[in-house]
Each structure stands twice: as structure tokens, then as C-alpha cells.
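Here is the file start-v1.txt (compact mmCIF, C-alpha atoms).
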```txt
# COMPACT_ATOMS: atom_id res chain seq x y z
CA GLU A 1 0.00 0.00 0.00
CA SER A 2 1.19 3.52 -0.72
CA ILE A 3 1.70 6.06 2.03
CA GLN A 4 -1.00 8.15 0.36
CA LYS A 5 -3.64 5.48 0.89
CA LYS A 6 -2.58 4.81 4.48
CA ILE A 7 -2.71 8.50 5.43
CA THR A 8 -5.99 9.34 3.66
CA THR A 9 -7.78 6.42 5.28
CA SER A 10 -6.54 7.25 8.79
CA LYS A 11 -8.49 9.24 11.38
CA LYS A 12 -5.68 11.80 11.60
CA PHE A 13 -5.37 12.63 7.92
CA GLN A 14 -5.12 16.40 8.44
CA ILE A 15 -2.10 16.16 10.76
CA ASN A 16 0.36 15.03 8.10
CA LYS A 17 -1.12 16.58 5.00
CA LYS A 18 2.27 18.09 4.07
CA ILE A 19 3.86 14.63 3.89
CA LEU A 20 1.06 13.48 1.61
CA LEU A 21 1.48 16.43 -0.75
CA ARG A 22 5.25 15.91 -1.04
CA HIS A 23 5.18 12.13 -1.44
CA PRO A 24 1.79 11.16 -2.92
CA ASN A 25 2.57 7.61 -4.04
CA SER A 26 5.55 6.63 -1.92
CA LYS A 27 6.17 3.55 0.12
CA ILE A 28 9.50 4.91 1.31
CA ILE A 29 10.16 8.54 2.26
CA GLY A 30 13.66 9.95 2.56
CA ASP A 31 14.19 13.50 3.66
CA LYS A 32 16.84 15.65 5.30
CA ARG A 33 14.63 17.10 7.98
CA PRO A 34 16.20 17.65 11.42
CA GLY A 35 12.76 18.52 12.80
CA PHE A 36 11.10 15.26 11.73
CA GLN A 37 11.15 13.82 15.25
CA TYR A 38 8.66 16.49 16.37
CA ILE A 39 5.93 14.84 14.32
CA ALA A 40 7.09 11.27 14.93
CA GLU A 41 4.24 10.42 17.30
CA SER A 42 1.49 11.78 15.07
CA THR A 43 3.05 10.15 12.02
CA PHE A 44 3.22 6.73 13.62
CA ASP A 45 -0.27 7.10 15.09
CA ASN A 46 -1.57 7.66 11.57
CA PHE A 47 -0.58 4.09 10.74
CA GLU A 48 -2.60 2.01 13.14
CA ASP A 49 -1.07 -1.28 11.99
CA LYS A 50 2.38 0.01 13.10
CA GLU A 51 4.16 -1.14 9.92
CA VAL A 52 6.03 2.14 9.61
CA LYS A 53 9.77 2.23 10.27
CA CYS A 54 12.03 5.23 10.64
CA ILE A 55 15.77 5.43 10.04
CA TYR A 56 17.25 8.35 11.97
CA ILE A 57 20.76 8.83 10.59
CA ASP A 58 22.78 10.33 13.42
CA ARG A 59 25.36 12.82 12.15
CA SER A 60 28.08 14.58 14.13
CA LEU A 61 26.81 17.82 15.65
CA ILE A 62 30.06 19.49 14.56
CA ASP A 63 29.35 18.60 10.92
CA ILE A 64 25.74 19.78 11.20
CA CYS A 65 26.87 23.09 12.72
CA ARG A 66 29.41 23.58 9.95
CA SER A 67 26.74 22.91 7.33
CA SER A 68 24.14 25.20 8.91
CA HIS A 69 26.74 27.96 9.31
CA LYS A 70 27.66 27.70 5.62
CA ARG A 71 24.03 27.95 4.59
CA SER A 72 23.34 30.88 6.92
CA GLN A 73 26.23 32.81 5.32
CA ASP A 74 25.02 32.21 1.76
CA LYS A 75 22.88 35.18 0.73
CA LYS A 76 21.28 33.13 -2.06
CA ASP A 77 20.15 30.45 0.40
CA PRO A 78 16.73 30.99 2.07
CA TRP A 79 18.28 29.54 5.25
CA SER A 80 18.38 32.58 7.57
CA ILE A 81 21.38 33.77 9.58
CA GLU A 82 19.40 33.07 12.77
CA ARG A 83 19.55 29.38 11.93
CA GLY A 84 23.30 29.15 12.25
CA ILE A 85 25.49 27.42 14.82
CA GLU A 86 23.74 28.39 18.04
CA HIS A 87 20.28 27.54 16.69
CA THR A 88 21.59 24.18 15.48
CA ILE A 89 22.91 23.22 18.91
CA LEU A 90 19.66 24.21 20.66
CA SER A 91 17.68 22.26 18.04
CA TYR A 92 19.90 19.25 18.71
CA ASN A 93 19.11 19.48 22.43
CA ALA A 94 15.39 19.50 21.61
CA SER A 95 15.81 16.58 19.20
CA CYS A 96 17.52 14.49 21.86
CA ARG A 97 14.73 15.23 24.34
CA GLN A 98 12.09 14.10 21.85
CA ILE A 99 13.89 10.84 21.11
CA ILE A 100 14.27 10.23 24.85
CA HIS A 101 10.56 10.95 25.26
CA LEU A 102 9.72 8.31 22.66
CA TYR A 103 12.03 5.86 24.41
CA ASN A 104 10.44 6.47 27.82
CA HIS A 105 6.78 6.92 26.88
CA ARG A 106 6.20 5.33 23.49
CA PRO A 107 8.31 2.16 23.35
CA GLU A 108 6.17 0.78 20.52
CA ILE A 109 7.26 3.75 18.38
CA PHE A 110 10.86 3.80 19.54
CA SER A 111 11.24 0.11 18.64
CA GLN A 112 10.46 1.04 15.02
CA PHE A 113 13.43 3.44 14.87
CA MET A 114 16.96 2.66 13.79
CA PHE A 115 19.82 5.04 14.65
CA PRO A 116 22.81 4.35 12.39
CA LYS A 117 25.81 6.68 12.49
CA TYR A 118 26.18 8.80 9.36
CA GLU A 119 29.86 8.04 8.93
CA ASN A 120 29.26 4.29 9.30
CA VAL A 121 26.44 4.09 6.77
CA PHE A 122 28.54 5.78 4.11
CA SER A 123 31.83 4.04 4.83
CA SER A 124 30.90 0.49 5.84
CA ILE A 125 29.13 -2.01 3.60
CA GLU A 126 28.05 -3.93 6.72
CA ALA A 127 26.40 -0.83 8.21
CA ALA A 128 24.67 -0.05 4.90
CA LEU A 129 23.37 -3.62 4.67
CA ASP A 130 22.02 -3.36 8.22
CA VAL A 131 19.96 -0.36 7.13
CA ILE A 132 18.68 -2.24 4.08
CA LYS A 133 17.78 -5.26 6.21
CA PHE A 134 15.94 -3.07 8.73
CA SER A 135 14.02 -1.44 5.86
CA GLU A 136 13.08 -4.89 4.50
CA ILE A 137 14.23 -3.93 1.02
CA ASP A 138 15.18 -6.76 -1.32
CA TYR A 139 18.36 -5.97 -3.24
CA SER A 140 19.45 -7.92 -6.29
CA GLN A 141 23.07 -9.05 -6.58
CA ASP A 142 23.66 -6.32 -9.15
CA GLU A 143 22.26 -3.68 -6.79
CA LEU A 144 24.44 -4.97 -3.96
CA SER A 145 27.51 -4.68 -6.18
CA LYS A 146 26.58 -1.09 -7.04
CA LEU A 147 26.06 -0.37 -3.35
CA GLN A 148 29.50 -1.69 -2.54
CA SER A 149 31.04 0.53 -5.23
CA TYR A 150 29.14 3.51 -3.87
CA ILE A 151 30.40 2.86 -0.32
CA ILE A 152 33.99 2.65 -1.56
CA THR A 153 33.58 5.98 -3.38
CA SER A 154 31.79 7.77 -0.54
CA LYS A 155 34.20 6.58 2.13
CA LYS A 156 36.67 9.36 1.41
CA TYR A 157 34.01 12.02 2.03
CA THR A 158 32.90 10.81 5.47
CA THR A 159 36.02 11.93 7.33
CA ARG A 160 36.55 15.65 7.07
CA TYR A 161 40.07 16.86 7.71
CA VAL A 162 40.15 20.14 9.62
CA GLU A 163 43.33 22.16 9.92
CA PRO A 164 44.55 22.53 13.51
CA GLY A 165 43.55 25.97 14.74
CA ASP A 166 40.72 26.33 12.19
CA SER A 167 38.75 29.31 13.52
CA LEU A 168 35.31 27.96 12.55
CA ASP A 169 36.04 24.59 14.13
CA ILE A 170 37.16 26.30 17.35
CA TYR A 171 34.06 28.51 17.42
CA ILE A 172 31.76 25.51 16.84
CA ARG A 173 33.40 23.50 19.62
CA GLU A 174 33.30 26.46 22.02
CA SER A 175 29.61 26.99 21.21
CA ILE A 176 28.86 23.31 21.79
CA CYS A 177 30.65 23.44 25.16
CA LYS A 178 28.48 26.42 26.16
CA LEU A 179 25.11 25.36 24.77
CA LEU A 180 24.98 21.57 24.61
CA ASP A 181 22.84 19.93 27.27
CA TYR A 182 25.38 17.25 28.15
CA GLU A 183 23.02 15.29 30.39
CA ILE A 184 20.45 14.99 27.60
CA HIS A 185 23.18 14.28 25.03
CA ASP A 186 24.63 11.47 27.17
CA GLU A 187 21.19 9.90 27.61
CA PHE A 188 20.56 10.09 23.86
CA CYS A 189 23.94 8.42 23.22
CA SER A 190 23.12 5.71 25.74
CA ILE A 191 19.75 4.72 24.26
CA THR A 192 20.90 4.89 20.62
CA CYS A 193 24.35 3.33 21.32
CA ASN A 194 25.93 6.12 19.26
CA HIS A 195 28.54 7.56 21.58
CA ARG A 196 30.05 10.90 20.64
CA LYS A 197 32.21 13.28 22.66
CA TYR A 198 32.23 16.97 21.90
CA GLU A 199 35.14 18.77 23.50
CA LEU A 200 37.72 21.43 22.77
CA ARG A 201 40.88 20.24 21.04
```

As C-alpha cells, please, write out the structure in this file.
Amino acid sequence: ESIQKKITTSKKFQINKKILLRHPNSKIIGDKRPGFQYIAESTFDNFEDKEVKCIYIDRSLIDICRSSHKRSQDKKDPWSIERGIEHTILSYNASCRQIIHLYNHRPEIFSQFMFPKYENVFSSIEAALDVIKFSEIDYSQDELSKLQSYIITSKKYTTRYVEPGDSLDIYIRESICKLLDYEIHDEFCSITCNHRKYELR
């Protein structure tokens, strides 16, 4: 069944109308939306048979801050300057709290999530295959070979080399030290098994 049919036949159709408009005939939705977790409960409640799964690819907060800063400095990008580094860190805190909420209060939803590390998915064939298995997608041998080639190619992009003393890197790390809710971050790391340390070099 398509996502369109599942949403339109649910009692909460109006809640996720935007998803329906963007992906009218999809069975799988992929989107780069850091705020997705805010509608996780309503999304899963739309599908009463609980067949929905969600892959939350966990990326380094330092990388996300660097990306959001770059976008906020680009005058051609609609991403506003207010959505730079500080906003990104505070959004991350909120994201962690929502995931923890799902873990504590909606275990039936949390069990449908997978939290692979970004750098693992794009550098390890085993990690990529775990995601495919979780998604219950059948890959042909030819597709698996192409996937392996893709992983080999993408591997070199997953580790970003930063010059020692890079001013942006220092500012990001200092901002994280000031604004990150470490207690919430540690709890998020514990329940997702994705341990990351953010500290000054």
C-alpha cells in the first residue's frame, strides 16, 4: 500500500497533509529534515497497523553546525542567519529530548526506529546492509555490487580533515561546550548506542 492510501484512510489525515502532498505515491520517504522527530508520534499514530519504520541517521553535531553555518552565510540560500550554529545546537538538544521521550513513553514507536551513524552508513558495507535489512528492502546481486562501489567511493568524504587551529572549528566547539545539554546528550547516546564526545581540542 502507498503512504498516500494509508494516510488518507486514517483518522488523523489532516495532521500530516504536508507529507502526503510531497510524497503522494511513496512507500518509502527519505528526507533531510532535522525537525522530523517532532511529528514522529502523530506520524506513527496515523498508521494504526504500526508497519512504519524510521531510520534516523545520526550525524556529528560538529558537521551539522558547519553545514548550517555555511548555509546561513550564503545570501542566495533561504536559510536565515538566525539558523546558524547556536540555533543548530539548541535544536539538537530539543531533538535528543524528543527521542528520549519516545524511548520512555512510546516504546512501541521507539522500537520502530533505527539510529545508524552517518559516517558508518557511508563508509561500511556492513552498516549499509544493516539499514537495508531493517528497511526490508530486497536488493538484487547487481544492486548490492553497485552499493558496494558507492560505499567505496563515498568513504573518502565521510572523514573531514580540519586544519589545527581552524577558527570555525574552534568557534563551533566552544559553542557546543556552552550550549549543549550534556546530560540529555549522554542519555541520547546511551539509548541509541551512538557515543560521541564533543570537547575542545

**Study point:** Point-to-point distance from CA of His185 (chain A) to CA of Ser154 (chain A), Å rounded to tenths
**Key:**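 Rounded to one decimal, the two atoms are 27.8 Å apart.
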
Check your understanding: Pick from A:Cys96, A:Leu168, A:Val52, A:Val162: nearest to Ile184 (chain A), with all atoms listed in the file counted?
Key -> A:Cys96

Review point. With all atoms listed in the file as the basis for distance, which of A:Arg83, A:Arg97, A:Lys117, A:Lys76 is at the shortest distance from Arg196 (chain A)?
Key: A:Lys117

Review point. Looking at only C-alpha atoms, which of A:Val121, A:Ile55, A:Ala40, A:Ala127 is the one that sits closest to Thr158 (chain A)?
Key: A:Val121

**Study point:** Non-local contacts of region 69-74 of chain A (7 Å; all atoms listed in the file; under 5 positions in same chain excluded) as a list of chain:residue names
**Key:**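 The filter keeps A:Trp79, A:Ser80, A:Ile81, A:Arg83, A:Gly84, A:Ile85.
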
**Study point:** Distance of CA of Ile57 (chain A) from CA of Gln148 (chain A), expressed in Å to one decimal place
**Key:** 19.0 Å

Centre, edges in Å (one decimal): axis-aligned box, region 79-93 of chain A, 8 Å padding on all six sides, as JSON:
```
{"center_x": 21.6, "center_y": 26.5, "center_z": 13.8, "size_x": 23.8, "size_y": 30.5, "size_z": 33.2}
```
